[in-house]
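This report concerns only the one structure given below.
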Amino acid sequence: MSKQLTNWFRFASPQTFYPLAGKMIPVFWVLTALFGAAGLWMGFFVAPTDATQGEGYRIIFVHVPTSWMSMFIYLVMAGWAAMGLSLNARLSSMMAQALAPTGALMAFLSLWTGAFWGKPMWGTWWVWDARLTSELILFFLYLGFIALQASIEDPRRADKAGAILALVGVVNVPIIYFSVTWWNTLHQGASVSINKSPTMAMTMLWGMLLMALCLWMYSIAVALTRVRAIILERESHTEWVKQLPEMTREVAA
Amino acid sequence: MSAILAVVQRDLLVVVRRKSEVLTALFFFVIVSSLFPLGIGPEPGLLRKIAPGVLWVGALLATMLALQRMFAADHADGTLEQMAISPSPLVGLVVGKIAAHWLVSGLPLVLMAPVLGLQFDLDAGALGVLVLALLLGTPVLSLIGAIGAALTLGVRGGGVLLSLLVLPLFVPVLIFGAGAVESHIAGLGAGGHLSLLAALLALSVFFAPWAATAALRIALE
């Protein structure tokens, strides 16, 4: 029993996680490329032209997955932050910190591709509709989280303060998700839902899901790369970091 | 309870001794909302249309002005640490400080708003809704703001950071607060918006003091 427990928590320490992350990153990059190629091929060549929106709808293959990821990454980030706060686990807080820039990027891309889609379809780059506004707030929440962590010198205090901010901001995620249901505004309703059959062609749905998987893998790969950098930065005083082959090589050169 | 009242009383006394801080925020509110008719033009129809938004944004920014000082002075002279180690629970003292902040920065805005509303040619009914909405909304601003103030306590460039953290969280209050007055003017009734504001108030009264207390403990470590 105790052996199992130690195995389970083995990778909770930066020292053991660092090499594991290094091994996992190439795998996730390969998966990103595979899913991305398949998703783009589905999206651009297999999916039919939309009956009402013509070819312009194809931006959906970037727009919807980035929007999903922006909300999902926030939840994951808040989850890691809460774990870091309650269990006092350093690696969890580092994961939260590593995810924030990727989440901000996804929120930005979602807003940007939405503007590109909105211009031909609605005739405007931006409307102050519930979903757009709440997604913009999500982007600001990411920026606030990053800015708060960056401006506090002591990393432990930065972790905890960021965790509280992330948890307070979580209320925004369900508001974005349900905004198209609660408010009847310009943004179209959800195209995909769990409890009813999708209102789009299956090939379109597959293209979107493959792109979502691609972004998922990309986010994991980038977050792992970033968490490795954070580990190196924060643990630079420790002996195990000094003995890493990449560190000794640098010193030798 | 007596500890909360003691904190409220003390903070109010501090403010009475240094009146300029309160008056600055209030004058800011008055001047900002008076600048809009000058900048946009004195056409009454247009002014009536922008009044709810302008007054609410003014209230938001005026609340921000006083927010940073909620814990800063007590943190600087060590009073906050004494409060944290005192036998009464810290969360109660935080509630007291938030209440004092609202009495000093929120309540004057509520009382001042009808006068400013007259500048924008609002009728008596709309003024009533405006006051009611501010009465429900400004405590939420103080409550959410307390979390931000505690998080940025003693942080480099805390003032600017505080607005970056807190203003996005203020957005729902702004939307429903201004929406209440707008829908009253449009003849739709403000009930729905006011209920949502009351719900926000109930929610933040319940959660915000705990979050602010946790943030304070982190800052005091």
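Residue numbering restarts at 1 for every chain of the structure tokens, chains are lettered A, B, ... in their displayed order, and ligands are numbered from 1 as they appear.
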
Taking a cut-off of 7 Å and counting only C-alpha atoms, can you build a table that, for each residue of chain B near chain A, reports the nearest atom pair and how far apart they are in Å (one decimal), sorted by chain then residue number, as a Markdown table?
| residue | atom | partner | partner_atom | distance |
| --- | --- | --- | --- | --- |
| B:Leu151 | CA | A:Ala161 | CA | 5.8 |
| B:Val155 | CA | A:Ile152 | CA | 6.1 |
| B:Arg156 | CA | A:Ser151 | CA | 6.2 |
| B:Leu161 | CA | A:Leu148 | CA | 7.0 |
| B:Leu164 | CA | A:Gly144 | CA | 5.7 |
| B:Leu165 | CA | A:Gly144 | CA | 5.0 |
| B:Pro168 | CA | A:Ile137 | CA | 5.6 |
| B:Ala211 | CA | A:Ile164 | CA | 6.9 |
| B:Ala215 | CA | A:Ala161 | CA | 6.2 |
| B:Ile218 | CA | A:Arg157 | CA | 6.3 |

Residues as selected, N, CA and C atoms, written as an mmCIF file, in the first residue's frame, can you do that?
data_model
loop_
_atom_site.group_PDB
_atom_site.id
_atom_site.type_symbol
_atom_site.label_atom_id
_atom_site.label_comp_id
_atom_site.auth_asym_id
_atom_site.auth_seq_id
_atom_site.Cartn_x
_atom_site.Cartn_y
_atom_site.Cartn_z
ATOM 1 N N LEU B 151 -4.858 41.254 -2.268
ATOM 2 C CA LEU B 151 -3.897 40.532 -3.110
ATOM 3 C C LEU B 151 -2.709 41.409 -3.488
ATOM 4 N N VAL B 155 2.624 45.256 -2.964
ATOM 5 C CA VAL B 155 3.212 44.807 -4.221
ATOM 6 C C VAL B 155 3.634 46.019 -5.032
ATOM 7 N N ARG B 156 4.767 45.879 -5.713
ATOM 8 C CA ARG B 156 5.279 46.909 -6.597
ATOM 9 C C ARG B 156 4.202 47.292 -7.624
ATOM 10 N N LEU B 161 -1.977 47.562 -10.952
ATOM 11 C CA LEU B 161 -2.289 46.133 -10.944
ATOM 12 C C LEU B 161 -3.682 45.894 -10.371
ATOM 13 N N LEU B 164 -6.284 46.383 -12.895
ATOM 14 C CA LEU B 164 -6.286 45.287 -13.875
ATOM 15 C C LEU B 164 -6.991 44.056 -13.302
ATOM 16 N N LEU B 165 -6.793 43.801 -12.014
ATOM 17 C CA LEU B 165 -7.389 42.615 -11.403
ATOM 18 C C LEU B 165 -8.879 42.807 -11.159
ATOM 19 N N PRO B 168 -12.162 43.833 -14.391
ATOM 20 C CA PRO B 168 -12.907 42.779 -15.083
ATOM 21 C C PRO B 168 -13.980 42.140 -14.199
ATOM 22 N N ALA B 211 -12.338 35.184 0.881
ATOM 23 C CA ALA B 211 -11.250 35.282 -0.102
ATOM 24 C C ALA B 211 -10.298 36.406 0.286
ATOM 25 N N ALA B 215 -6.347 36.123 1.254
ATOM 26 C CA ALA B 215 -5.339 36.916 0.551
ATOM 27 C C ALA B 215 -4.509 37.737 1.538
ATOM 28 N N ILE B 218 -1.918 35.619 3.216
ATOM 29 C CA ILE B 218 -0.770 35.388 2.336
ATOM 30 C C ILE B 218 0.152 36.601 2.348
#

Using only C-alpha atoms, which residues sit within 10 Å of Ala3 of chain B once same-chain residues fewer than 4 positions away are excluded, as an mmCIF file with all heavy atoms, in the first residue's frame?
data_model
loop_
_atom_site.group_PDB
_atom_site.id
_atom_site.type_symbol
_atom_site.label_atom_id
_atom_site.label_comp_id
_atom_site.auth_asym_id
_atom_site.auth_seq_id
_atom_site.Cartn_x
_atom_site.Cartn_y
_atom_site.Cartn_z
ATOM 1 N N VAL B 7 -14.004 48.028 14.539
ATOM 2 C CA VAL B 7 -13.181 48.324 13.365
ATOM 3 C C VAL B 7 -13.842 49.403 12.517
ATOM 4 O O VAL B 7 -13.179 50.347 12.053
ATOM 5 C CB VAL B 7 -12.958 47.040 12.529
ATOM 6 C CG1 VAL B 7 -12.314 47.383 11.199
ATOM 7 C CG2 VAL B 7 -12.091 46.071 13.285
ATOM 8 N N VAL B 8 -15.171 49.281 12.322
ATOM 9 C CA VAL B 8 -15.896 50.278 11.528
ATOM 10 C C VAL B 8 -15.712 51.656 12.154
ATOM 11 O O VAL B 8 -15.364 52.628 11.485
ATOM 12 C CB VAL B 8 -17.395 49.916 11.424
ATOM 13 C CG1 VAL B 8 -18.158 51.040 10.746
ATOM 14 C CG2 VAL B 8 -17.576 48.618 10.656
ATOM 15 N N GLN B 9 -15.942 51.702 13.475
ATOM 16 C CA GLN B 9 -15.846 52.977 14.194
ATOM 17 C C GLN B 9 -14.449 53.581 14.059
ATOM 18 O O GLN B 9 -14.286 54.762 13.763
ATOM 19 C CB GLN B 9 -16.181 52.727 15.657
ATOM 20 C CG GLN B 9 -16.556 53.981 16.414
ATOM 21 C CD GLN B 9 -16.877 53.656 17.865
ATOM 22 O OE1 GLN B 9 -16.658 52.536 18.330
ATOM 23 N NE2 GLN B 9 -17.390 54.634 18.583
ATOM 24 N N PRO B 87 -7.442 38.009 19.268
ATOM 25 C CA PRO B 87 -8.305 36.838 19.485
ATOM 26 C C PRO B 87 -9.553 36.808 18.587
ATOM 27 O O PRO B 87 -10.041 35.727 18.282
ATOM 28 C CB PRO B 87 -8.696 36.948 20.963
ATOM 29 C CG PRO B 87 -8.370 38.348 21.350
ATOM 30 C CD PRO B 87 -7.254 38.786 20.487
ATOM 31 N N SER B 88 -10.061 37.965 18.176
ATOM 32 C CA SER B 88 -11.259 37.915 17.328
ATOM 33 C C SER B 88 -10.848 37.506 15.911
ATOM 34 O O SER B 88 -9.778 37.871 15.450
ATOM 35 C CB SER B 88 -11.957 39.266 17.312
ATOM 36 O OG SER B 88 -11.022 40.294 17.209
ATOM 37 N N PRO B 89 -11.709 36.712 15.231
ATOM 38 C CA PRO B 89 -11.326 36.171 13.922
ATOM 39 C C PRO B 89 -11.070 37.276 12.906
ATOM 40 O O PRO B 89 -11.778 38.289 12.873
ATOM 41 C CB PRO B 89 -12.531 35.319 13.521
ATOM 42 C CG PRO B 89 -13.645 35.765 14.396
ATOM 43 C CD PRO B 89 -13.039 36.264 15.658
ATOM 44 N N LEU B 90 -10.052 37.045 12.072
ATOM 45 C CA LEU B 90 -9.635 38.071 11.114
ATOM 46 C C LEU B 90 -10.752 38.396 10.124
ATOM 47 O O LEU B 90 -10.900 39.538 9.700
ATOM 48 C CB LEU B 90 -8.379 37.600 10.380
ATOM 49 C CG LEU B 90 -7.737 38.600 9.409
ATOM 50 C CD1 LEU B 90 -7.372 39.886 10.105
ATOM 51 C CD2 LEU B 90 -6.502 37.995 8.761
ATOM 52 N N GLY B 92 -13.853 38.669 10.558
ATOM 53 C CA GLY B 92 -14.758 39.680 11.090
ATOM 54 C C GLY B 92 -14.182 41.076 10.939
ATOM 55 O O GLY B 92 -14.873 42.019 10.565
ATOM 56 N N LEU B 93 -12.881 41.194 11.213
ATOM 57 C CA LEU B 93 -12.228 42.495 11.085
ATOM 58 C C LEU B 93 -12.219 42.946 9.634
ATOM 59 O O LEU B 93 -12.385 44.136 9.344
ATOM 60 C CB LEU B 93 -10.804 42.407 11.638
ATOM 61 C CG LEU B 93 -10.733 41.925 13.089
ATOM 62 C CD1 LEU B 93 -9.293 41.729 13.516
ATOM 63 C CD2 LEU B 93 -11.417 42.916 14.009
ATOM 64 N N VAL B 95 -14.498 42.144 7.422
ATOM 65 C CA VAL B 95 -15.870 42.605 7.160
ATOM 66 C C VAL B 95 -16.024 44.040 7.642
ATOM 67 O O VAL B 95 -16.591 44.896 6.947
ATOM 68 C CB VAL B 95 -16.901 41.681 7.843
ATOM 69 C CG1 VAL B 95 -18.290 42.301 7.804
ATOM 70 C CG2 VAL B 95 -16.924 40.320 7.176
ATOM 71 N N GLY B 96 -15.489 44.327 8.825
ATOM 72 C CA GLY B 96 -15.568 45.679 9.362
ATOM 73 C C GLY B 96 -14.880 46.690 8.463
ATOM 74 O O GLY B 96 -15.414 47.764 8.187
#

Closest of A:Met202, A:Ala82, A:Ala150, A:Leu210 to Pro48 of chain A, counting only C-alpha atoms, is A:Met202

Taken to one decimal, the atom CA of Lys19 of chain B-atom CA of Gly128 of chain B distance is 28.3 Å

With only C-alpha atoms as the counted atoms, please give the residues lying no more than 10 Å from Leu20 of chain A, apart from itself and same-chain residues fewer than 4 positions off, as a list of chain:residue names. A:Phe11, A:Pro14, A:Gln15, A:Thr16, A:Met24, A:Ile25, A:Leu224, A:Arg228

What's around Ala25 of chain B at 9 Å? Count only C-alpha atoms, leave out sequence neighbours fewer than 2 positions away in its own chain, and write the answer as a list in words. Ser20, Glu21, Val22, Leu23, Phe27, Phe28, Phe29, Val30, Leu61, Ala62, Thr63, Met64, Leu65, Ala66 and Ser105 of chain B

Could you please take those selected residues and save all heavy atoms as a short mmCIF file (atom, residue, chain, number, x, y, z; two decimals), in the first residue's frame?
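Writing the result to again_35.cif gives the following:
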data_model
loop_
_atom_site.label_atom_id
_atom_site.label_comp_id
_atom_site.auth_asym_id
_atom_site.auth_seq_id
_atom_site.Cartn_x
_atom_site.Cartn_y
_atom_site.Cartn_z
N SER B 20 -9.65 64.73 3.52
CA SER B 20 -9.32 64.99 2.11
C SER B 20 -9.48 63.73 1.24
O SER B 20 -9.89 63.81 0.10
CB SER B 20 -7.89 65.51 2.00
OG SER B 20 -6.99 64.51 2.40
N GLU B 21 -9.18 62.55 1.83
CA GLU B 21 -9.22 61.33 1.03
C GLU B 21 -10.61 61.02 0.51
O GLU B 21 -10.79 60.68 -0.65
CB GLU B 21 -8.69 60.16 1.85
CG GLU B 21 -7.20 60.29 2.10
CD GLU B 21 -6.63 59.11 2.84
OE1 GLU B 21 -7.41 58.19 3.17
OE2 GLU B 21 -5.42 59.12 3.09
N VAL B 22 -11.59 61.16 1.39
CA VAL B 22 -12.97 60.90 0.98
C VAL B 22 -13.40 61.92 -0.06
O VAL B 22 -14.00 61.60 -1.08
CB VAL B 22 -13.93 61.03 2.17
CG1 VAL B 22 -15.28 60.46 1.81
CG2 VAL B 22 -13.36 60.40 3.39
N LEU B 23 -13.09 63.18 0.24
CA LEU B 23 -13.55 64.24 -0.64
C LEU B 23 -12.91 64.12 -2.02
O LEU B 23 -13.56 64.40 -3.03
CB LEU B 23 -13.22 65.61 -0.02
CG LEU B 23 -14.04 65.89 1.25
CD1 LEU B 23 -13.64 67.22 1.86
CD2 LEU B 23 -15.53 65.87 0.96
N PHE B 27 -15.20 64.13 -5.26
CA PHE B 27 -15.02 65.17 -6.28
C PHE B 27 -14.67 64.56 -7.62
O PHE B 27 -15.12 65.04 -8.66
CB PHE B 27 -13.91 66.15 -5.84
CG PHE B 27 -14.44 67.31 -5.06
CD1 PHE B 27 -14.03 67.55 -3.77
CD2 PHE B 27 -15.39 68.16 -5.63
CE1 PHE B 27 -14.54 68.60 -3.04
CE2 PHE B 27 -15.90 69.21 -4.91
CZ PHE B 27 -15.48 69.43 -3.60
N PHE B 28 -13.88 63.50 -7.58
CA PHE B 28 -13.53 62.79 -8.82
C PHE B 28 -14.80 62.34 -9.53
O PHE B 28 -14.99 62.56 -10.73
CB PHE B 28 -12.64 61.60 -8.49
CG PHE B 28 -12.28 60.76 -9.67
CD1 PHE B 28 -11.23 61.14 -10.49
CD2 PHE B 28 -12.97 59.60 -9.96
CE1 PHE B 28 -10.89 60.36 -11.58
CE2 PHE B 28 -12.64 58.83 -11.05
CZ PHE B 28 -11.59 59.22 -11.86
N PHE B 29 -15.71 61.73 -8.75
CA PHE B 29 -16.99 61.26 -9.30
C PHE B 29 -17.77 62.41 -9.91
O PHE B 29 -18.27 62.32 -11.05
CB PHE B 29 -17.77 60.59 -8.16
CG PHE B 29 -19.09 60.02 -8.55
CD1 PHE B 29 -19.23 59.15 -9.61
CD2 PHE B 29 -20.23 60.34 -7.81
CE1 PHE B 29 -20.46 58.62 -9.95
CE2 PHE B 29 -21.46 59.81 -8.14
CZ PHE B 29 -21.58 58.94 -9.22
N VAL B 30 -17.85 63.51 -9.17
CA VAL B 30 -18.63 64.66 -9.65
C VAL B 30 -18.01 65.23 -10.92
O VAL B 30 -18.69 65.48 -11.93
CB VAL B 30 -18.70 65.75 -8.55
CG1 VAL B 30 -19.34 67.01 -9.10
CG2 VAL B 30 -19.46 65.23 -7.35
N LEU B 61 -14.86 53.92 -11.02
CA LEU B 61 -13.53 54.50 -10.96
C LEU B 61 -13.30 55.19 -9.62
O LEU B 61 -12.21 55.11 -9.05
CB LEU B 61 -13.31 55.47 -12.12
CG LEU B 61 -13.36 54.80 -13.50
CD1 LEU B 61 -13.21 55.84 -14.60
CD2 LEU B 61 -12.27 53.76 -13.63
N ALA B 62 -14.35 55.85 -9.09
CA ALA B 62 -14.20 56.52 -7.80
C ALA B 62 -13.96 55.49 -6.69
O ALA B 62 -13.17 55.73 -5.77
CB ALA B 62 -15.43 57.36 -7.50
N THR B 63 -14.64 54.32 -6.79
CA THR B 63 -14.41 53.26 -5.80
C THR B 63 -12.96 52.77 -5.87
O THR B 63 -12.33 52.53 -4.85
CB THR B 63 -15.35 52.07 -6.06
OG1 THR B 63 -16.67 52.58 -6.19
CG2 THR B 63 -15.29 51.07 -4.94
N MET B 64 -12.45 52.66 -7.11
CA MET B 64 -11.07 52.20 -7.29
C MET B 64 -10.06 53.12 -6.58
O MET B 64 -9.07 52.64 -6.05
CB MET B 64 -10.70 52.20 -8.78
CG MET B 64 -11.42 51.20 -9.63
SD MET B 64 -10.91 49.54 -9.31
CE MET B 64 -9.17 49.75 -9.29
N LEU B 65 -10.36 54.43 -6.60
CA LEU B 65 -9.43 55.39 -6.02
C LEU B 65 -9.15 55.09 -4.55
O LEU B 65 -8.01 55.13 -4.10
CB LEU B 65 -10.01 56.81 -6.12
CG LEU B 65 -9.81 57.56 -7.42
CD1 LEU B 65 -10.35 58.97 -7.27
CD2 LEU B 65 -8.34 57.60 -7.79
N ALA B 66 -10.21 54.79 -3.81
CA ALA B 66 -10.05 54.60 -2.37
C ALA B 66 -9.66 53.17 -2.01
O ALA B 66 -9.28 52.90 -0.88
CB ALA B 66 -11.35 54.98 -1.66
N SER B 105 -16.74 55.41 0.86
CA SER B 105 -16.63 55.66 -0.58
C SER B 105 -17.91 55.34 -1.35
O SER B 105 -18.21 56.00 -2.34
CB SER B 105 -15.46 54.87 -1.17
OG SER B 105 -15.83 53.52 -1.30
#

Which of segment 34-245 of chain A counts as helix (DSSP H, G or I) under DSSP, as an NGL selection string please? :A and (34-46 or 55-87 or 90-122 or 130-151 or 155-169 or 172-182 or 202-234 or 239-242 or 245)

Excluding same-chain residues fewer than 3 positions from segment 27-43 of chain A, what lies within 6 Å of it counting only C-alpha atoms, as a list in words? Met24, Val46, Ala47, Gly207, Leu210, Met211, Cys214, Met217, Tyr218 and Ala221 of chain A

Could you turn the residues from that selection into a file that holds all heavy atoms, as a tab-separated table (two decimals), in the first residue's frame?
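And here's part_22.tsv as it stands now:
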chain	number	residue	atom	x	y	z
A	24	MET	N	8.12	13.50	-22.29
A	24	MET	CA	6.75	13.56	-22.81
A	24	MET	C	6.59	14.62	-23.90
A	24	MET	O	5.76	14.47	-24.79
A	24	MET	CB	5.77	13.83	-21.67
A	24	MET	CG	5.48	12.57	-20.91
A	24	MET	SD	4.54	12.72	-19.37
A	24	MET	CE	4.04	14.34	-19.17
A	46	VAL	N	-12.41	18.02	-46.87
A	46	VAL	CA	-13.48	17.02	-46.77
A	46	VAL	C	-14.81	17.68	-46.42
A	46	VAL	O	-15.83	17.40	-47.05
A	46	VAL	CB	-13.13	15.95	-45.71
A	46	VAL	CG1	-14.24	14.93	-45.62
A	46	VAL	CG2	-11.81	15.29	-46.05
A	47	ALA	N	-14.80	18.60	-45.44
A	47	ALA	CA	-16.05	19.21	-44.99
A	47	ALA	C	-16.72	19.97	-46.13
A	47	ALA	O	-16.05	20.66	-46.89
A	47	ALA	CB	-15.78	20.15	-43.82
A	207	GLY	N	-13.84	17.47	-38.10
A	207	GLY	CA	-12.77	18.45	-38.30
A	207	GLY	C	-12.54	19.28	-37.06
A	207	GLY	O	-11.40	19.49	-36.62
A	210	LEU	N	-11.01	17.13	-34.21
A	210	LEU	CA	-9.59	16.86	-34.45
A	210	LEU	C	-8.75	18.10	-34.17
A	210	LEU	O	-7.68	18.01	-33.56
A	210	LEU	CB	-9.38	16.40	-35.89
A	210	LEU	CG	-9.77	14.95	-36.17
A	210	LEU	CD1	-9.76	14.67	-37.66
A	210	LEU	CD2	-8.82	14.00	-35.44
A	211	MET	N	-9.27	19.27	-34.57
A	211	MET	CA	-8.53	20.51	-34.29
A	211	MET	C	-8.47	20.76	-32.78
A	211	MET	O	-7.45	21.24	-32.26
A	211	MET	CB	-9.18	21.70	-34.98
A	211	MET	CG	-8.92	21.78	-36.47
A	211	MET	SD	-7.19	21.67	-36.89
A	211	MET	CE	-6.62	23.27	-36.36
A	214	CYS	N	-5.84	18.62	-31.45
A	214	CYS	CA	-4.54	19.19	-31.84
A	214	CYS	C	-4.15	20.29	-30.86
A	214	CYS	O	-3.02	20.30	-30.33
A	214	CYS	CB	-4.63	19.72	-33.25
A	214	CYS	SG	-3.34	20.88	-33.70
A	217	MET	N	-3.21	18.89	-27.44
A	217	MET	CA	-1.84	18.35	-27.40
A	217	MET	C	-0.82	19.50	-27.42
A	217	MET	O	0.17	19.47	-26.71
A	217	MET	CB	-1.61	17.43	-28.62
A	217	MET	CG	-2.51	16.22	-28.64
A	217	MET	SD	-2.31	15.25	-27.15
A	217	MET	CE	-3.99	14.84	-26.76
A	218	TYR	N	-1.10	20.52	-28.25
A	218	TYR	CA	-0.20	21.66	-28.33
A	218	TYR	C	-0.08	22.33	-26.95
A	218	TYR	O	1.02	22.63	-26.49
A	218	TYR	CB	-0.73	22.67	-29.35
A	218	TYR	CG	-0.13	24.04	-29.22
A	218	TYR	CD1	1.12	24.33	-29.75
A	218	TYR	CD2	-0.80	25.05	-28.52
A	218	TYR	CE1	1.68	25.58	-29.61
A	218	TYR	CE2	-0.24	26.30	-28.37
A	218	TYR	CZ	1.00	26.56	-28.91
A	218	TYR	OH	1.56	27.80	-28.74
A	221	ALA	N	2.00	20.25	-24.62
A	221	ALA	CA	3.43	20.31	-24.97
A	221	ALA	C	4.03	21.64	-24.53
A	221	ALA	O	5.11	21.68	-23.91
A	221	ALA	CB	3.60	20.12	-26.48

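Comparing the minimum interatomic distances between Gln82 of chain B and each of B:Leu194, B:Ala178, B:Leu220, B:Val16, counting only C-alpha atoms, we find that B:Leu220 sits nearest.
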
Please identify all polymer residues within 9 Å of Ala100 of chain A, counting only C-alpha atoms, omitting same-chain residues fewer than 5 positions from it, and present them as an MDAnalysis selection string. chainID A and resid 73:74 77 95 105 142:143 145:146 223

Keeping all heavy atoms for every residue in the selection just given, could you write it to a file as an mmCIF file, in the first residue's frame?
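Result file is result08.cif:
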data_model
loop_
_atom_site.group_PDB
_atom_site.id
_atom_site.type_symbol
_atom_site.label_atom_id
_atom_site.label_comp_id
_atom_site.auth_asym_id
_atom_site.auth_seq_id
_atom_site.Cartn_x
_atom_site.Cartn_y
_atom_site.Cartn_z
ATOM 1 N N ILE A 73 -8.716 25.586 -20.315
ATOM 2 C CA ILE A 73 -7.413 25.838 -19.682
ATOM 3 C C ILE A 73 -7.599 26.646 -18.406
ATOM 4 O O ILE A 73 -6.913 26.418 -17.412
ATOM 5 C CB ILE A 73 -6.452 26.552 -20.658
ATOM 6 C CG1 ILE A 73 -6.030 25.594 -21.761
ATOM 7 C CG2 ILE A 73 -5.211 27.057 -19.927
ATOM 8 C CD1 ILE A 73 -5.116 26.198 -22.796
ATOM 9 N N TYR A 74 -8.569 27.582 -18.412
ATOM 10 C CA TYR A 74 -8.791 28.352 -17.182
ATOM 11 C C TYR A 74 -9.214 27.434 -16.041
ATOM 12 O O TYR A 74 -8.730 27.559 -14.913
ATOM 13 C CB TYR A 74 -9.836 29.455 -17.395
ATOM 14 C CG TYR A 74 -9.792 30.459 -16.273
ATOM 15 C CD1 TYR A 74 -9.002 31.579 -16.379
ATOM 16 C CD2 TYR A 74 -10.470 30.239 -15.081
ATOM 17 C CE1 TYR A 74 -8.899 32.471 -15.347
ATOM 18 C CE2 TYR A 74 -10.374 31.126 -14.032
ATOM 19 C CZ TYR A 74 -9.591 32.245 -14.178
ATOM 20 O OH TYR A 74 -9.477 33.117 -13.141
ATOM 21 N N MET A 77 -6.230 25.439 -14.989
ATOM 22 C CA MET A 77 -5.311 26.316 -14.262
ATOM 23 C C MET A 77 -5.822 26.571 -12.838
ATOM 24 O O MET A 77 -5.061 26.463 -11.869
ATOM 25 C CB MET A 77 -5.186 27.635 -15.017
ATOM 26 C CG MET A 77 -4.230 28.622 -14.441
ATOM 27 S SD MET A 77 -4.226 30.158 -15.396
ATOM 28 C CE MET A 77 -5.541 31.048 -14.612
ATOM 29 N N MET A 95 2.526 24.447 -12.470
ATOM 30 C CA MET A 95 1.683 24.077 -13.613
ATOM 31 C C MET A 95 0.682 25.185 -13.904
ATOM 32 O O MET A 95 0.454 25.538 -15.061
ATOM 33 C CB MET A 95 0.929 22.765 -13.335
ATOM 34 C CG MET A 95 1.738 21.510 -13.483
ATOM 35 S SD MET A 95 2.486 21.326 -15.098
ATOM 36 C CE MET A 95 1.053 20.992 -16.098
ATOM 37 N N LEU A 105 -3.308 33.122 -24.742
ATOM 38 C CA LEU A 105 -3.166 33.038 -26.201
ATOM 39 C C LEU A 105 -4.442 32.492 -26.834
ATOM 40 O O LEU A 105 -4.926 33.012 -27.846
ATOM 41 C CB LEU A 105 -1.971 32.131 -26.538
ATOM 42 C CG LEU A 105 -1.756 31.861 -28.021
ATOM 43 C CD1 LEU A 105 -1.221 33.107 -28.709
ATOM 44 C CD2 LEU A 105 -0.815 30.702 -28.250
ATOM 45 N N TYR A 142 -6.930 36.326 -17.456
ATOM 46 C CA TYR A 142 -5.616 35.708 -17.682
ATOM 47 C C TYR A 142 -4.507 36.742 -17.514
ATOM 48 O O TYR A 142 -3.498 36.500 -16.857
ATOM 49 C CB TYR A 142 -5.541 35.127 -19.093
ATOM 50 C CG TYR A 142 -6.114 33.740 -19.262
ATOM 51 C CD1 TYR A 142 -7.138 33.489 -20.162
ATOM 52 C CD2 TYR A 142 -5.606 32.668 -18.550
ATOM 53 C CE1 TYR A 142 -7.652 32.219 -20.343
ATOM 54 C CE2 TYR A 142 -6.108 31.401 -18.718
ATOM 55 C CZ TYR A 142 -7.137 31.174 -19.625
ATOM 56 O OH TYR A 142 -7.629 29.924 -19.790
ATOM 57 N N LEU A 143 -4.701 37.923 -18.131
ATOM 58 C CA LEU A 143 -3.667 38.957 -18.048
ATOM 59 C C LEU A 143 -3.458 39.381 -16.595
ATOM 60 O O LEU A 143 -2.321 39.591 -16.162
ATOM 61 C CB LEU A 143 -4.062 40.177 -18.892
ATOM 62 C CG LEU A 143 -4.106 39.966 -20.400
ATOM 63 C CD1 LEU A 143 -4.331 41.291 -21.102
ATOM 64 C CD2 LEU A 143 -2.829 39.324 -20.899
ATOM 65 N N PHE A 145 -3.951 37.560 -13.909
ATOM 66 C CA PHE A 145 -3.246 36.464 -13.226
ATOM 67 C C PHE A 145 -1.751 36.537 -13.515
ATOM 68 O O PHE A 145 -0.915 36.469 -12.609
ATOM 69 C CB PHE A 145 -3.831 35.127 -13.702
ATOM 70 C CG PHE A 145 -3.201 33.911 -13.090
ATOM 71 C CD1 PHE A 145 -3.643 33.434 -11.868
ATOM 72 C CD2 PHE A 145 -2.170 33.242 -13.734
ATOM 73 C CE1 PHE A 145 -3.074 32.301 -11.309
ATOM 74 C CE2 PHE A 145 -1.592 32.115 -13.180
ATOM 75 C CZ PHE A 145 -2.051 31.645 -11.961
ATOM 76 N N ILE A 146 -1.411 36.718 -14.805
ATOM 77 C CA ILE A 146 -0.003 36.768 -15.193
ATOM 78 C C ILE A 146 0.672 37.988 -14.553
ATOM 79 O O ILE A 146 1.774 37.890 -13.997
ATOM 80 C CB ILE A 146 0.135 36.818 -16.728
ATOM 81 C CG1 ILE A 146 -0.402 35.523 -17.337
ATOM 82 C CG2 ILE A 146 1.578 37.027 -17.146
ATOM 83 C CD1 ILE A 146 -0.578 35.571 -18.829
ATOM 84 N N ALA A 223 2.865 23.798 -22.278
ATOM 85 C CA ALA A 223 2.838 23.975 -20.823
ATOM 86 C C ALA A 223 3.959 23.170 -20.173
ATOM 87 O O ALA A 223 4.596 23.641 -19.226
ATOM 88 C CB ALA A 223 1.480 23.554 -20.271
#

Minimum-distance residue to Leu216 of chain B, chosen among B:Thr79, B:Gln68, B:Thr152, B:Ser34 (using only C-alpha atoms):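 With only C-alpha atoms as the atom set, the closest residue is B:Thr152.
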
Set the distance at 10 Å and use only C-alpha atoms: which residues neighbour Leu12 of chain B once local chain neighbours fewer than 3 positions away are removed? I'd like the list as a PyMOL selection string. chain B and resi 6-9+15-18+97+99-101+103-104

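Considering the residues B:Ala219, B:Val140, B:Val166, B:Val181 and counting only C-alpha atoms, Val205 of chain B has its shortest atom-to-atom contact with B:Val140.
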